[in-house]
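Colleague: Provided below: query_18.tsv, containing TSV, N, CA and C atoms.
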chain	number	residue	atom	x	y	z
F	1284	MET	N	0.19	-2.98	-14.14
F	1284	MET	CA	-0.60	-4.17	-13.92
F	1284	MET	C	-1.91	-3.80	-13.24
F	1285	LYS	N	-2.87	-4.68	-13.37
F	1285	LYS	CA	-4.17	-4.49	-12.75
F	1285	LYS	C	-4.25	-5.38	-11.51
F	1286	ILE	N	-4.45	-4.74	-10.35
F	1286	ILE	CA	-4.40	-5.44	-9.07
F	1286	ILE	C	-5.74	-5.29	-8.36
F	1287	ALA	N	-6.30	-6.43	-7.92
F	1287	ALA	CA	-7.53	-6.41	-7.12
F	1287	ALA	C	-7.15	-6.52	-5.65
F	1288	MET	N	-7.86	-5.75	-4.82
F	1288	MET	CA	-7.62	-5.76	-3.38
F	1288	MET	C	-8.95	-5.98	-2.66
F	1289	ILE	N	-8.97	-7.04	-1.86
F	1289	ILE	CA	-10.18	-7.44	-1.15
F	1289	ILE	C	-9.78	-7.74	0.29
F	1290	ALA	N	-10.64	-7.41	1.24
F	1290	ALA	CA	-10.35	-7.73	2.64
F	1290	ALA	C	-11.64	-7.99	3.40
F	1291	HIS	N	-11.65	-9.08	4.14
F	1291	HIS	CA	-12.78	-9.32	5.03
F	1291	HIS	C	-12.78	-8.25	6.13
F	1292	ASP	N	-13.92	-8.11	6.80
F	1292	ASP	CA	-14.11	-7.01	7.74
F	1292	ASP	C	-12.98	-6.86	8.75
F	1293	ARG	N	-12.56	-7.95	9.38
F	1293	ARG	CA	-11.52	-7.85	10.41
F	1293	ARG	C	-10.12	-7.69	9.83
F	1294	LYS	N	-10.01	-7.65	8.52
F	1294	LYS	CA	-8.71	-7.48	7.85
F	1294	LYS	C	-8.62	-6.15	7.09
F	1295	LYS	N	-9.67	-5.35	7.13
F	1295	LYS	CA	-9.67	-4.10	6.35
F	1295	LYS	C	-8.60	-3.12	6.83
F	1296	GLU	N	-8.43	-2.97	8.12
F	1296	GLU	CA	-7.39	-2.06	8.63
F	1296	GLU	C	-6.00	-2.54	8.23
F	1297	LEU	N	-5.79	-3.84	8.24
F	1297	LEU	CA	-4.51	-4.40	7.80
F	1297	LEU	C	-4.28	-4.10	6.33
F	1298	MET	N	-5.33	-4.19	5.52
F	1298	MET	CA	-5.22	-3.85	4.09
F	1298	MET	C	-4.86	-2.38	3.92
F	1299	VAL	N	-5.46	-1.52	4.72
F	1299	VAL	CA	-5.14	-0.08	4.64
F	1299	VAL	C	-3.68	0.14	5.01
F	1300	LYS	N	-3.19	-0.55	6.02
F	1300	LYS	CA	-1.78	-0.42	6.40
F	1300	LYS	C	-0.88	-0.90	5.27
F	1301	LEU	N	-1.24	-2.02	4.64
F	1301	LEU	CA	-0.46	-2.54	3.51
F	1301	LEU	C	-0.44	-1.53	2.37
F	1302	ALA	N	-1.61	-1.01	2.02
F	1302	ALA	CA	-1.69	-0.05	0.91
F	1302	ALA	C	-0.93	1.23	1.25
F	1303	SER	N	-0.95	1.65	2.49
F	1303	SER	CA	-0.20	2.84	2.90
F	1303	SER	C	1.30	2.61	2.81
F	1304	ALA	N	1.74	1.46	3.30
F	1304	ALA	CA	3.17	1.14	3.28
F	1304	ALA	C	3.70	0.98	1.86
F	1305	TYR	N	2.88	0.45	0.97
F	1305	TYR	CA	3.32	0.17	-0.40
F	1305	TYR	C	2.68	1.11	-1.41
F	1306	GLN	N	2.24	2.26	-0.94
F	1306	GLN	CA	1.61	3.26	-1.81
F	1306	GLN	C	2.51	3.65	-2.97
F	1307	PRO	N	3.83	3.82	-2.77
F	1307	PRO	CA	4.69	4.17	-3.92
F	1307	PRO	C	4.68	3.11	-5.03
F	1308	ILE	N	4.52	1.85	-4.67
F	1308	ILE	CA	4.44	0.78	-5.67
F	1308	ILE	C	3.04	0.75	-6.28
F	1309	LEU	N	2.03	0.79	-5.44
F	1309	LEU	CA	0.65	0.67	-5.91
F	1309	LEU	C	0.22	1.81	-6.82
F	1310	LYS	N	0.77	3.00	-6.60
F	1310	LYS	CA	0.34	4.14	-7.42
F	1310	LYS	C	0.72	3.98	-8.90
F	1311	GLU	N	1.65	3.08	-9.18
F	1311	GLU	CA	2.08	2.83	-10.55
F	1311	GLU	C	1.18	1.83	-11.29
F	1312	HIS	N	0.15	1.33	-10.60
F	1312	HIS	CA	-0.68	0.28	-11.16
F	1312	HIS	C	-2.16	0.66	-11.08
F	1313	GLU	N	-2.99	-0.08	-11.81
F	1313	GLU	CA	-4.42	0.15	-11.80
F	1313	GLU	C	-5.04	-0.73	-10.71
F	1314	LEU	N	-5.75	-0.10	-9.77
F	1314	LEU	CA	-6.27	-0.81	-8.62
F	1314	LEU	C	-7.78	-0.99	-8.69
F	1315	PHE	N	-8.22	-2.15	-8.24
F	1315	PHE	CA	-9.64	-2.51	-8.16
F	1315	PHE	C	-9.87	-3.06	-6.77
F	1316	ALA	N	-11.06	-2.85	-6.24
F	1316	ALA	CA	-11.35	-3.37	-4.90
F	1316	ALA	C	-12.84	-3.54	-4.72
F	1317	THR	N	-13.19	-4.37	-3.75
F	1317	THR	CA	-14.58	-4.44	-3.34
F	1317	THR	C	-14.91	-3.16	-2.57
F	1318	GLY	N	-16.20	-2.87	-2.45
F	1318	GLY	CA	-16.71	-1.58	-1.99
F	1318	GLY	C	-16.03	-0.89	-0.83
F	1319	THR	N	-16.23	-1.38	0.38
F	1319	THR	CA	-15.71	-0.70	1.57
F	1319	THR	C	-14.19	-0.74	1.60
F	1320	THR	N	-13.61	-1.85	1.19
F	1320	THR	CA	-12.15	-1.94	1.18
F	1320	THR	C	-11.56	-0.87	0.26
F	1321	GLY	N	-12.12	-0.71	-0.92
F	1321	GLY	CA	-11.64	0.30	-1.85
F	1321	GLY	C	-11.78	1.70	-1.31
F	1322	LEU	N	-12.90	1.98	-0.64
F	1322	LEU	CA	-13.12	3.30	-0.06
F	1322	LEU	C	-12.09	3.58	1.01
F	1323	LYS	N	-11.84	2.62	1.89
F	1323	LYS	CA	-10.87	2.82	2.97
F	1323	LYS	C	-9.46	3.03	2.42
F	1324	ILE	N	-9.08	2.25	1.40
F	1324	ILE	CA	-7.76	2.41	0.79
F	1324	ILE	C	-7.63	3.80	0.17
F	1325	SER	N	-8.62	4.19	-0.58
F	1325	SER	CA	-8.59	5.48	-1.27
F	1325	SER	C	-8.52	6.64	-0.28
F	1326	GLU	N	-9.34	6.58	0.76
F	1326	GLU	CA	-9.34	7.66	1.77
F	1326	GLU	C	-8.02	7.75	2.51
F	1327	ALA	N	-7.42	6.62	2.82
F	1327	ALA	CA	-6.18	6.61	3.61
F	1327	ALA	C	-4.95	6.96	2.79
F	1328	THR	N	-4.96	6.65	1.50
F	1328	THR	CA	-3.74	6.78	0.70
F	1328	THR	C	-3.82	7.79	-0.43
F	1329	GLY	N	-5.04	8.14	-0.83
F	1329	GLY	CA	-5.21	9.00	-2.00
F	1329	GLY	C	-5.06	8.25	-3.31
F	1330	LEU	N	-4.89	6.94	-3.25
F	1330	LEU	CA	-4.77	6.14	-4.46
F	1330	LEU	C	-6.11	6.08	-5.20
F	1331	SER	N	-6.05	6.03	-6.50
F	1331	SER	CA	-7.25	5.86	-7.31
F	1331	SER	C	-7.61	4.37	-7.33
F	1332	VAL	N	-8.82	4.06	-6.89
F	1332	VAL	CA	-9.26	2.67	-6.80
F	1332	VAL	C	-10.63	2.55	-7.46
F	1333	HIS	N	-10.75	1.66	-8.44
F	1333	HIS	CA	-12.05	1.36	-9.02
F	1333	HIS	C	-12.77	0.45	-8.04
F	1334	ARG	N	-13.92	0.89	-7.55
F	1334	ARG	CA	-14.65	0.13	-6.54
F	1334	ARG	C	-15.81	-0.65	-7.14
F	1335	PHE	N	-15.89	-1.92	-6.76
F	1335	PHE	CA	-17.02	-2.77	-7.10
F	1335	PHE	C	-17.97	-2.80	-5.91
F	1336	LYS	N	-19.00	-3.62	-5.99
F	1336	LYS	CA	-19.91	-3.81	-4.87
F	1336	LYS	C	-19.16	-4.47	-3.72
F	1337	SER	N	-19.75	-4.45	-2.54
F	1337	SER	CA	-19.12	-5.16	-1.42
F	1337	SER	C	-19.13	-6.65	-1.73
F	1338	GLY	N	-18.24	-7.39	-1.09
F	1338	GLY	CA	-18.11	-8.82	-1.36
F	1338	GLY	C	-19.42	-9.58	-1.26
F	1339	PRO	N	-20.14	-9.47	-0.14
F	1339	PRO	CA	-21.39	-10.23	-0.01
F	1339	PRO	C	-22.46	-9.84	-1.02
F	1340	LEU	N	-22.34	-8.65	-1.61
F	1340	LEU	CA	-23.33	-8.20	-2.59
F	1340	LEU	C	-22.90	-8.43	-4.03
F	1341	GLY	N	-21.81	-9.20	-4.22
F	1341	GLY	CA	-21.39	-9.56	-5.56
F	1341	GLY	C	-20.04	-9.01	-6.00
F	1342	GLY	N	-19.38	-8.25	-5.15
F	1342	GLY	CA	-18.08	-7.69	-5.52
F	1342	GLY	C	-17.04	-8.74	-5.82
F	1343	ASP	N	-17.04	-9.83	-5.02
F	1343	ASP	CA	-16.10	-10.94	-5.28
F	1343	ASP	C	-16.35	-11.52	-6.68
F	1344	GLN	N	-17.62	-11.64	-7.04
F	1344	GLN	CA	-17.96	-12.20	-8.34
F	1344	GLN	C	-17.59	-11.24	-9.47
F	1345	GLN	N	-17.70	-9.94	-9.23
F	1345	GLN	CA	-17.29	-8.97	-10.25
F	1345	GLN	C	-15.78	-9.09	-10.51
F	1346	ILE	N	-15.02	-9.25	-9.45
F	1346	ILE	CA	-13.57	-9.43	-9.60
F	1346	ILE	C	-13.29	-10.77	-10.28
F	1347	GLY	N	-14.03	-11.81	-9.91
F	1347	GLY	CA	-13.89	-13.11	-10.57
F	1347	GLY	C	-14.15	-13.02	-12.06
F	1348	ALA	N	-15.14	-12.21	-12.45
F	1348	ALA	CA	-15.42	-12.03	-13.88
F	1348	ALA	C	-14.24	-11.38	-14.58
F	1349	MET	N	-13.59	-10.42	-13.93
F	1349	MET	CA	-12.41	-9.79	-14.53
F	1349	MET	C	-11.29	-10.81	-14.72
F	1350	ILE	N	-11.13	-11.69	-13.73
F	1350	ILE	CA	-10.11	-12.74	-13.85
F	1350	ILE	C	-10.41	-13.62	-15.05
F	1351	SER	N	-11.67	-14.05	-15.17
F	1351	SER	CA	-12.02	-14.98	-16.26
F	1351	SER	C	-11.92	-14.33	-17.63
F	1352	GLU	N	-11.95	-13.01	-17.68
F	1352	GLU	CA	-11.79	-12.29	-18.94
F	1352	GLU	C	-10.35	-11.82	-19.15
F	1353	ASP	N	-9.44	-12.30	-18.31
F	1353	ASP	CA	-8.01	-11.97	-18.38
F	1353	ASP	C	-7.78	-10.46	-18.27
F	1354	LYS	N	-8.51	-9.82	-17.37
F	1354	LYS	CA	-8.38	-8.38	-17.17
F	1354	LYS	C	-7.80	-8.03	-15.81
F	1355	LEU	N	-7.25	-9.01	-15.10
F	1355	LEU	CA	-6.55	-8.77	-13.83
F	1355	LEU	C	-5.23	-9.50	-13.85
F	1356	ASP	N	-4.24	-8.92	-13.16
F	1356	ASP	CA	-2.91	-9.52	-13.13
F	1356	ASP	C	-2.51	-10.03	-11.76
F	1357	MET	N	-3.19	-9.57	-10.70
F	1357	MET	CA	-2.81	-9.96	-9.35
F	1357	MET	C	-4.00	-9.72	-8.43
F	1358	VAL	N	-4.12	-10.57	-7.40
F	1358	VAL	CA	-5.18	-10.41	-6.40
F	1358	VAL	C	-4.56	-10.47	-5.02
F	1359	ILE	N	-4.89	-9.48	-4.22
F	1359	ILE	CA	-4.55	-9.50	-2.79
F	1359	ILE	C	-5.87	-9.59	-2.05
F	1360	PHE	N	-6.09	-10.71	-1.39
F	1360	PHE	CA	-7.35	-10.99	-0.72
F	1360	PHE	C	-7.03	-11.37	0.72
F	1361	LEU	N	-7.07	-10.39	1.61
F	1361	LEU	CA	-6.79	-10.65	3.01
F	1361	LEU	C	-8.04	-11.26	3.64
F	1362	ARG	N	-8.00	-12.56	3.79
F	1362	ARG	CA	-9.13	-13.33	4.31
F	1362	ARG	C	-9.05	-13.46	5.81
F	1363	ASP	N	-10.21	-13.60	6.43
F	1363	ASP	CA	-10.28	-13.88	7.85
F	1363	ASP	C	-10.63	-15.36	8.00
F	1364	PRO	N	-9.63	-16.21	8.25
F	1364	PRO	CA	-9.89	-17.65	8.29
F	1364	PRO	C	-10.64	-18.09	9.55
F	1365	LEU	N	-10.79	-17.18	10.52
F	1365	LEU	CA	-11.43	-17.55	11.78
F	1365	LEU	C	-12.89	-17.13	11.87
F	1366	ALA	N	-13.41	-16.49	10.84
F	1366	ALA	CA	-14.80	-16.05	10.86
F	1366	ALA	C	-15.56	-16.68	9.68
F	1367	ALA	N	-16.76	-17.16	9.96
F	1367	ALA	CA	-17.60	-17.70	8.89
F	1367	ALA	C	-18.04	-16.55	7.99
F	1368	GLN	N	-17.99	-16.77	6.71
F	1368	GLN	CA	-18.38	-15.75	5.74
F	1368	GLN	C	-19.66	-16.19	5.04
F	1369	PRO	N	-20.68	-15.32	5.01
F	1369	PRO	CA	-21.93	-15.71	4.36
F	1369	PRO	C	-21.79	-15.96	2.86
F	1370	HIS	N	-20.75	-15.41	2.27
F	1370	HIS	CA	-20.54	-15.58	0.83
F	1370	HIS	C	-19.32	-16.47	0.55
F	1371	GLU	N	-19.09	-17.45	1.41
F	1371	GLU	CA	-17.93	-18.34	1.28
F	1371	GLU	C	-17.85	-19.02	-0.09
F	1372	PRO	N	-18.96	-19.44	-0.70
F	1372	PRO	CA	-18.84	-20.02	-2.05
F	1372	PRO	C	-18.24	-19.04	-3.07
F	1373	ASP	N	-18.54	-17.75	-2.92
F	1373	ASP	CA	-17.96	-16.75	-3.82
F	1373	ASP	C	-16.46	-16.63	-3.60
F	1374	VAL	N	-16.05	-16.70	-2.33
F	1374	VAL	CA	-14.64	-16.62	-1.97
F	1374	VAL	C	-13.90	-17.81	-2.58
F	1375	THR	N	-14.46	-18.98	-2.41
F	1375	THR	CA	-13.85	-20.20	-2.96
F	1375	THR	C	-13.75	-20.12	-4.48
F	1376	ALA	N	-14.79	-19.61	-5.11
F	1376	ALA	CA	-14.79	-19.48	-6.57
F	1376	ALA	C	-13.70	-18.51	-7.03
F	1377	LEU	N	-13.50	-17.42	-6.31
F	1377	LEU	CA	-12.48	-16.45	-6.66
F	1377	LEU	C	-11.08	-17.06	-6.57
F	1378	ILE	N	-10.85	-17.82	-5.52
F	1378	ILE	CA	-9.55	-18.49	-5.36
F	1378	ILE	C	-9.35	-19.51	-6.48
F	1379	ARG	N	-10.40	-20.26	-6.79
F	1379	ARG	CA	-10.33	-21.25	-7.88
F	1379	ARG	C	-10.01	-20.58	-9.21
F	1380	LEU	N	-10.69	-19.47	-9.52
F	1380	LEU	CA	-10.44	-18.76	-10.77
F	1380	LEU	C	-9.00	-18.25	-10.85
F	1381	SER	N	-8.48	-17.79	-9.72
F	1381	SER	CA	-7.08	-17.33	-9.70
F	1381	SER	C	-6.15	-18.48	-10.08
F	1382	ASP	N	-6.45	-19.67	-9.60
F	1382	ASP	CA	-5.64	-20.83	-9.95
F	1382	ASP	C	-5.82	-21.22	-11.41
F	1383	VAL	N	-7.05	-21.23	-11.88
F	1383	VAL	CA	-7.33	-21.62	-13.27
F	1383	VAL	C	-6.61	-20.70	-14.25
F	1384	TYR	N	-6.65	-19.39	-13.97
F	1384	TYR	CA	-6.07	-18.41	-14.90
F	1384	TYR	C	-4.67	-17.97	-14.51
F	1385	GLU	N	-4.08	-18.69	-13.54
F	1385	GLU	CA	-2.69	-18.46	-13.12
F	1385	GLU	C	-2.43	-17.01	-12.71
F	1386	ILE	N	-3.32	-16.49	-11.89
F	1386	ILE	CA	-3.19	-15.13	-11.36
F	1386	ILE	C	-2.53	-15.22	-9.99
F	1387	PRO	N	-1.44	-14.50	-9.77
F	1387	PRO	CA	-0.84	-14.50	-8.43
F	1387	PRO	C	-1.86	-14.02	-7.40
F	1388	LEU	N	-1.98	-14.77	-6.31
F	1388	LEU	CA	-2.98	-14.51	-5.29
F	1388	LEU	C	-2.35	-14.57	-3.91
F	1389	ALA	N	-2.52	-13.51	-3.14
F	1389	ALA	CA	-2.08	-13.49	-1.75
F	1389	ALA	C	-3.32	-13.51	-0.87
F	1390	THR	N	-3.35	-14.40	0.11
F	1390	THR	CA	-4.48	-14.45	1.02
F	1390	THR	C	-4.09	-14.06	2.45
F	1391	ASN	N	-2.84	-13.62	2.62
F	1391	ASN	CA	-2.40	-13.14	3.93
F	1391	ASN	C	-1.36	-12.05	3.72
F	1392	ILE	N	-1.07	-11.32	4.77
F	1392	ILE	CA	-0.20	-10.14	4.68
F	1392	ILE	C	1.23	-10.50	4.26
F	1393	GLY	N	1.73	-11.65	4.72
F	1393	GLY	CA	3.09	-12.05	4.36
F	1393	GLY	C	3.24	-12.28	2.87
F	1394	THR	N	2.32	-13.00	2.28
F	1394	THR	CA	2.36	-13.26	0.85
F	1394	THR	C	2.10	-11.99	0.05
F	1395	ALA	N	1.20	-11.15	0.56
F	1395	ALA	CA	0.91	-9.89	-0.13
F	1395	ALA	C	2.16	-9.03	-0.21
F	1396	GLU	N	2.92	-8.97	0.86
F	1396	GLU	CA	4.14	-8.17	0.86
F	1396	GLU	C	5.15	-8.73	-0.14
F	1397	ILE	N	5.30	-10.02	-0.20
F	1397	ILE	CA	6.23	-10.63	-1.15
F	1397	ILE	C	5.79	-10.36	-2.58
F	1398	LEU	N	4.48	-10.45	-2.87
F	1398	LEU	CA	3.99	-10.16	-4.22
F	1398	LEU	C	4.27	-8.70	-4.60
F	1399	LEU	N	4.02	-7.77	-3.68
F	1399	LEU	CA	4.24	-6.36	-4.00
F	1399	LEU	C	5.72	-6.04	-4.18
F	1400	ARG	N	6.57	-6.63	-3.35
F	1400	ARG	CA	8.01	-6.42	-3.53
F	1400	ARG	C	8.49	-7.08	-4.82
F	1401	GLY	N	7.95	-8.24	-5.14
F	1401	GLY	CA	8.28	-8.89	-6.40
F	1401	GLY	C	7.80	-8.09	-7.59
F	1402	LEU	N	6.64	-7.49	-7.46
F	1402	LEU	CA	6.11	-6.63	-8.53
F	1402	LEU	C	7.07	-5.47	-8.78
F	1403	GLN	N	7.53	-4.86	-7.71
F	1403	GLN	CA	8.47	-3.74	-7.82
F	1403	GLN	C	9.78	-4.17	-8.48
F	1404	ALA	N	10.20	-5.39	-8.18
F	1404	ALA	CA	11.47	-5.89	-8.72
F	1404	ALA	C	11.33	-6.44	-10.15
F	1405	GLY	N	10.11	-6.49	-10.66
F	1405	GLY	CA	9.90	-6.99	-12.01
F	1405	GLY	C	9.68	-8.48	-12.11
F	1406	PHE	N	9.44	-9.14	-10.98
F	1406	PHE	CA	9.25	-10.58	-10.99
F	1406	PHE	C	7.88	-11.01	-11.49
F	1407	ALA	N	6.96	-10.07	-11.70
F	1407	ALA	CA	5.62	-10.42	-12.18
F	1407	ALA	C	5.48	-10.09	-13.66
F	1408	ASP	N	6.56	-9.82	-14.33
F	1408	ASP	CA	6.50	-9.47	-15.74
F	1408	ASP	C	6.10	-10.65	-16.62
F	1409	PHE	N	6.08	-11.86	-16.05
F	1409	PHE	CA	5.71	-13.03	-16.85
F	1409	PHE	C	4.35	-12.86	-17.50
F	1410	ARG	N	3.43	-12.13	-16.87
F	1410	ARG	CA	2.11	-11.92	-17.46
F	1410	ARG	C	2.24	-11.14	-18.77
F	1411	ASN	N	3.10	-10.13	-18.79
F	1411	ASN	CA	3.30	-9.36	-20.02
F	1411	ASN	C	3.98	-10.21	-21.09
F	1412	VAL	N	4.94	-11.02	-20.69
F	1412	VAL	CA	5.65	-11.88	-21.64
F	1412	VAL	C	4.69	-12.88	-22.26
F	1413	VAL	N	3.85	-13.49	-21.44
F	1413	VAL	CA	2.87	-14.47	-21.95
F	1413	VAL	C	1.93	-13.80	-22.95
F	1414	HIS	N	1.44	-12.60	-22.62
F	1414	HIS	CA	0.54	-11.90	-23.53
F	1414	HIS	C	1.24	-11.57	-24.85
F	1415	GLU	N	2.50	-11.19	-24.80
F	1415	GLU	CA	3.24	-10.90	-26.02
F	1415	GLU	C	3.39	-12.16	-26.87
F	1416	LEU	N	3.72	-13.27	-26.22
F	1416	LEU	CA	3.88	-14.53	-26.95
F	1416	LEU	C	2.56	-15.00	-27.54
F	1417	ASP	N	1.45	-14.76	-26.82
F	1417	ASP	CA	0.14	-15.16	-27.34
F	1417	ASP	C	-0.21	-14.42	-28.62
F	1418	ASN	N	0.34	-13.23	-28.79
F	1418	ASN	CA	-0.01	-12.41	-29.95
F	1418	ASN	C	1.01	-12.49	-31.07
F	1419	LYS	N	2.02	-13.32	-30.93
F	1419	LYS	CA	3.05	-13.46	-31.96
F	1419	LYS	C	3.21	-14.93	-32.34
F	1420	PRO	N	3.42	-15.19	-33.59
F	1420	PRO	CA	3.72	-16.57	-33.97
F	1420	PRO	C	5.09	-16.98	-33.44
F	1421	LEU	N	5.19	-18.19	-32.99
F	1421	LEU	CA	6.46	-18.69	-32.50
F	1421	LEU	C	7.34	-19.11	-33.68
F	1422	SER	N	8.61	-18.78	-33.61
F	1422	SER	CA	9.53	-19.22	-34.66
F	1422	SER	C	10.52	-20.19	-34.06
F	1423	PHE	N	10.83	-21.23	-34.81
F	1423	PHE	CA	11.76	-22.25	-34.32
F	1423	PHE	C	13.00	-22.28	-35.17
For the structure just supplied, provide its representation as structure tokens.

Modeller:
Amino acid sequence: MKIAMIAHDRKKELMVKLASAYQPILKEHELFATGTTGLKISEATGLSVHRFKSGPLGGDQQIGAMISEDKLDMVIFLRDPLAAQPHEPDVTALIRLSDVYEIPLATNIGTAEILLRGLQAGFADFRNVVHELDNKPLSF
């Protein structure tokens, strides 16, 4: 699966801890991240991460574009709800796109852990099933 990982400044270390703890699961998937978050994950874990621009410079929008083109399967976005973000409209748009395209989205560490454990258990396979059904005629 293709997983995007984003973290606001005060959540970057928490994202690194998450990626380190779940490195055995994450290494089996294609990872994408905004600039600094991706660099920190890659340096700490050795995981291969495709890095976009930083969030305020358009990285959130680049990930949003992938969602709208059905090129992402999951988003982990550790947000800082206590700090004002200069690119808050981009953040809101990314969350909206995740809902529109039915992409599993975690915005806190608890939900992120459940998504990653569910991914390992095969609970996120619905994306593959839907894609298979989209490409086959239904028989009744």

Colleague: Give me every helix (DSSP H, G or I) residue in chain F, going by DSSP on the backbone, as a ChimeraX atom specification.

Modeller: /F:1292-1304,1306-1309,1318-1328,1338-1340,1342-1351,1371-1383,1392-1404,1409-1417

Colleague: From the DSSP assignment of the backbone, select every residue of range 1285-1404 of chain F that is strand (DSSP E or B), and format the answer as a PyMOL selection string.

Modeller: chain F and resi 1285-1290+1313-1316+1332-1334+1357-1361+1388-1389

Colleague: With N, CA and C atoms retained, export the selected residues as a PDB file, keeping the file's coordinate frame.

Modeller:
ATOM      1  N   LYS F1285      -2.870  -4.680 -13.370  1.00  0.00           N
ATOM      2  CA  LYS F1285      -4.170  -4.490 -12.750  1.00  0.00           C
ATOM      3  C   LYS F1285      -4.250  -5.380 -11.510  1.00  0.00           C
ATOM      4  N   ILE F1286      -4.450  -4.740 -10.350  1.00  0.00           N
ATOM      5  CA  ILE F1286      -4.400  -5.440  -9.070  1.00  0.00           C
ATOM      6  C   ILE F1286      -5.740  -5.290  -8.360  1.00  0.00           C
ATOM      7  N   ALA F1287      -6.300  -6.430  -7.920  1.00  0.00           N
ATOM      8  CA  ALA F1287      -7.530  -6.410  -7.120  1.00  0.00           C
ATOM      9  C   ALA F1287      -7.150  -6.520  -5.650  1.00  0.00           C
ATOM     10  N   MET F1288      -7.860  -5.750  -4.820  1.00  0.00           N
ATOM     11  CA  MET F1288      -7.620  -5.760  -3.380  1.00  0.00           C
ATOM     12  C   MET F1288      -8.950  -5.980  -2.660  1.00  0.00           C
ATOM     13  N   ILE F1289      -8.970  -7.040  -1.860  1.00  0.00           N
ATOM     14  CA  ILE F1289     -10.180  -7.440  -1.150  1.00  0.00           C
ATOM     15  C   ILE F1289      -9.780  -7.740   0.290  1.00  0.00           C
ATOM     16  N   ALA F1290     -10.640  -7.410   1.240  1.00  0.00           N
ATOM     17  CA  ALA F1290     -10.350  -7.730   2.640  1.00  0.00           C
ATOM     18  C   ALA F1290     -11.640  -7.990   3.400  1.00  0.00           C
ATOM     19  N   GLU F1313      -2.990  -0.080 -11.810  1.00  0.00           N
ATOM     20  CA  GLU F1313      -4.420   0.150 -11.800  1.00  0.00           C
ATOM     21  C   GLU F1313      -5.040  -0.730 -10.710  1.00  0.00           C
ATOM     22  N   LEU F1314      -5.750  -0.100  -9.770  1.00  0.00           N
ATOM     23  CA  LEU F1314      -6.270  -0.810  -8.620  1.00  0.00           C
ATOM     24  C   LEU F1314      -7.780  -0.990  -8.690  1.00  0.00           C
ATOM     25  N   PHE F1315      -8.220  -2.150  -8.240  1.00  0.00           N
ATOM     26  CA  PHE F1315      -9.640  -2.510  -8.160  1.00  0.00           C
ATOM     27  C   PHE F1315      -9.870  -3.060  -6.770  1.00  0.00           C
ATOM     28  N   ALA F1316     -11.060  -2.850  -6.240  1.00  0.00           N
ATOM     29  CA  ALA F1316     -11.350  -3.370  -4.900  1.00  0.00           C
ATOM     30  C   ALA F1316     -12.840  -3.540  -4.720  1.00  0.00           C
ATOM     31  N   VAL F1332      -8.820   4.060  -6.890  1.00  0.00           N
ATOM     32  CA  VAL F1332      -9.260   2.670  -6.800  1.00  0.00           C
ATOM     33  C   VAL F1332     -10.630   2.550  -7.460  1.00  0.00           C
ATOM     34  N   HIS F1333     -10.750   1.660  -8.440  1.00  0.00           N
ATOM     35  CA  HIS F1333     -12.050   1.360  -9.020  1.00  0.00           C
ATOM     36  C   HIS F1333     -12.770   0.450  -8.040  1.00  0.00           C
ATOM     37  N   ARG F1334     -13.920   0.890  -7.550  1.00  0.00           N
ATOM     38  CA  ARG F1334     -14.650   0.130  -6.540  1.00  0.00           C
ATOM     39  C   ARG F1334     -15.810  -0.650  -7.140  1.00  0.00           C
ATOM     40  N   MET F1357      -3.190  -9.570 -10.700  1.00  0.00           N
ATOM     41  CA  MET F1357      -2.810  -9.960  -9.350  1.00  0.00           C
ATOM     42  C   MET F1357      -4.000  -9.720  -8.430  1.00  0.00           C
ATOM     43  N   VAL F1358      -4.120 -10.570  -7.400  1.00  0.00           N
ATOM     44  CA  VAL F1358      -5.180 -10.410  -6.400  1.00  0.00           C
ATOM     45  C   VAL F1358      -4.560 -10.470  -5.020  1.00  0.00           C
ATOM     46  N   ILE F1359      -4.890  -9.480  -4.220  1.00  0.00           N
ATOM     47  CA  ILE F1359      -4.550  -9.500  -2.790  1.00  0.00           C
ATOM     48  C   ILE F1359      -5.870  -9.590  -2.050  1.00  0.00           C
ATOM     49  N   PHE F1360      -6.090 -10.710  -1.390  1.00  0.00           N
ATOM     50  CA  PHE F1360      -7.350 -10.990  -0.720  1.00  0.00           C
ATOM     51  C   PHE F1360      -7.030 -11.370   0.720  1.00  0.00           C
ATOM     52  N   LEU F1361      -7.070 -10.390   1.610  1.00  0.00           N
ATOM     53  CA  LEU F1361      -6.790 -10.650   3.010  1.00  0.00           C
ATOM     54  C   LEU F1361      -8.040 -11.260   3.640  1.00  0.00           C
ATOM     55  N   LEU F1388      -1.980 -14.770  -6.310  1.00  0.00           N
ATOM     56  CA  LEU F1388      -2.980 -14.510  -5.290  1.00  0.00           C
ATOM     57  C   LEU F1388      -2.350 -14.570  -3.910  1.00  0.00           C
ATOM     58  N   ALA F1389      -2.520 -13.510  -3.140  1.00  0.00           N
ATOM     59  CA  ALA F1389      -2.080 -13.490  -1.750  1.00  0.00           C
ATOM     60  C   ALA F1389      -3.320 -13.510  -0.870  1.00  0.00           C
TER      61      ALA F1389
END

Colleague: Which is closer to His1291 in chain F than all the others in F:Glu1371, F:Asp1363, F:Glu1313, F:Glu1326, using all atoms listed in the file?

Modeller: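 Result for the nearest residue to His1291 in chain F: F:Asp1363.
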
Colleague: Using only C-alpha atoms, pick whichever of F:Ala1367, F:Ile1386, F:Ala1327, F:Ala1316 has the shortest atom-to-atom distance to Ile1346 in chain F.

Modeller: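 Closest candidate: F:Ala1316.
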
Colleague: Looking at F:Gln1403, F:Ser1303, F:Ser1331, F:Ser1381, which one is nearest to Phe1315 in chain F, with distances taken over only C-alpha atoms?

Modeller: F:Ser1331

Colleague: Would you give the centre and edge lengths, in Å to one decimal, of a box along x, y and z around the listed atoms of range 1359-1376 of chain F, with 8 Å added to each side, as JSON?

Modeller:
{"center_x": -13.2, "center_y": -14.8, "center_z": 2.4, "size_x": 33.4, "size_y": 26.7, "size_z": 34.9}
